[in-house]
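Worksheet: the structure to be examined is printed underneath.
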Amino acid sequence: MNTLARLALFGGVYGNDHALAAVLAECRMRRLSDLACLGDLGGFGPHPEAAITRLREAGVPTVQGNYDHSIGHGLDDCACGYTDPEDEAFAQRSYDFTAQQVSERSRAWLRTLPREARFVWAGRRVLLCHGSPRRQNEFLWDSTCSDAFLARLLREADADVIACTHTGLHWARTLADGRMVVNVGAIGRPAHDGRTHGWWTELVADETRLAAVFHPAIHDHETVARAQEAAGLPPEFAETTRTGWWTTCLGNMPIRERRAAHR
């Protein structure tokens, strides 16, 4: 009988320390000892410093997201890649809040994070990145990524599996040759699906098969919403936390993802 390899991946912590604590606890419960974070530790949530400290002290291998790069280097904005002026305005308020909360020790740690991680797992060449292998803040949406495009990404990256995050919506695609691209989702914000939790991903593989299993990052979302309000973050953020529907950052979301979320 083949032994299954299991790998836990999550991204988009977004300053939600409650969600991060819940995911780490579930990984321990499931005896998942191999895990990694794909970045963006601040933004949206009320406790970025606590989340960064928890992740660092847990020793979880972490890939640098655009948010982490900007905060670590003291840049003026998150470099999130938004094109809508309203989204940019909300992102700036979130970024300014995060920048005020994060300590110099945490900034120094964020600067040390690698932009990608490569390793062989279950006989497959795995590449972990934040947005894409091409750009730290590239949005890889399920509906806009053809099989041919994903095959080219895999070929150019010299990988059998690419795992990313950044969009906040989880999805996975296995190509005809067995290679996979997976967006592991975000744990710190709902996935615009009417549920009050984000998602993380468990990859399961043996010599012949590979699958992505999505798990909910269930936590006390009401406590998070109240903390967002107490911190003076935009009320739209707490509304998303309570309802599971995005109120901001919709400008980059393709119409198919918007429609699918409401079906």
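By order in the structure tokens, chains are A, B, ...; within a chain, residues start at 1; ligands start at 1, following the order shown.
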- Task: Pick out the residues sitting within 8 Å of A:Ala79, and hand them over as a list in words; count only C-alpha atoms, and ignore anything fewer than 4 positions along from it in its own chain.
- Result: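 Residues near the query, excluding close chain neighbours: Asn66, Tyr67, Ser70 and Asn137 of chain A.
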Please produce a file of those selected residues containing N, CA and C atoms, as a tab-separated table (two decimals), in the first residue's frame.
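Dumped to part39.tsv:
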```
chain	number	residue	atom	x	y	z
A	66	ASN	N	3.56	40.36	-1.07
A	66	ASN	CA	3.79	41.77	-1.37
A	66	ASN	C	3.61	42.64	-0.14
A	67	TYR	N	2.62	42.30	0.70
A	67	TYR	CA	2.38	43.05	1.93
A	67	TYR	C	3.59	42.96	2.85
A	70	SER	N	6.47	45.09	1.54
A	70	SER	CA	6.26	46.52	1.75
A	70	SER	C	6.42	46.92	3.21
A	137	ASN	N	2.75	40.11	-6.92
A	137	ASN	CA	1.37	40.57	-6.75
A	137	ASN	C	0.49	40.26	-7.95
```
- Task: Pull the strand (DSSP E or B) assignments for stretch 83-185 of chain A out of DSSP run on the backbone, and list those residues as a list in words.
- Result: Ala117, Arg118, Phe119, Val120, Trp121, Arg124, Arg125, Val126, Leu127, Leu128, Val161, Ile162, Ala163, Cys164, Trp171, Ala172, Arg173, Thr174, Met180, Val181, Val182 and Asn183 of chain A
- Task: Report as a PyMOL selection string: the residues of stretch 23-208 of chain A with a DSSP assignment of alpha helix (DSSP H), based on the backbone of this structure.
- Result: chain A and resi 23-29+48-58+66-73+85-101+104-112+147-157
- Quote the spacing between atom CA of A:Leu175 and atom CA of A:Ala148 in Å to one decimal place.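 Going from atom CA of A:Leu175 over to atom CA of A:Ala148, I get 9.2 Å.
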- Item | Shell of 8 Å around stretch 212-228 of chain A, only C-alpha atoms, local chain residues under 2 positions omitted, as a PyMOL selection string | chain A and resi 16+18-19+22-23+45-46+170+172+182+184+187+196-204+210+230-235+237-239+241-242
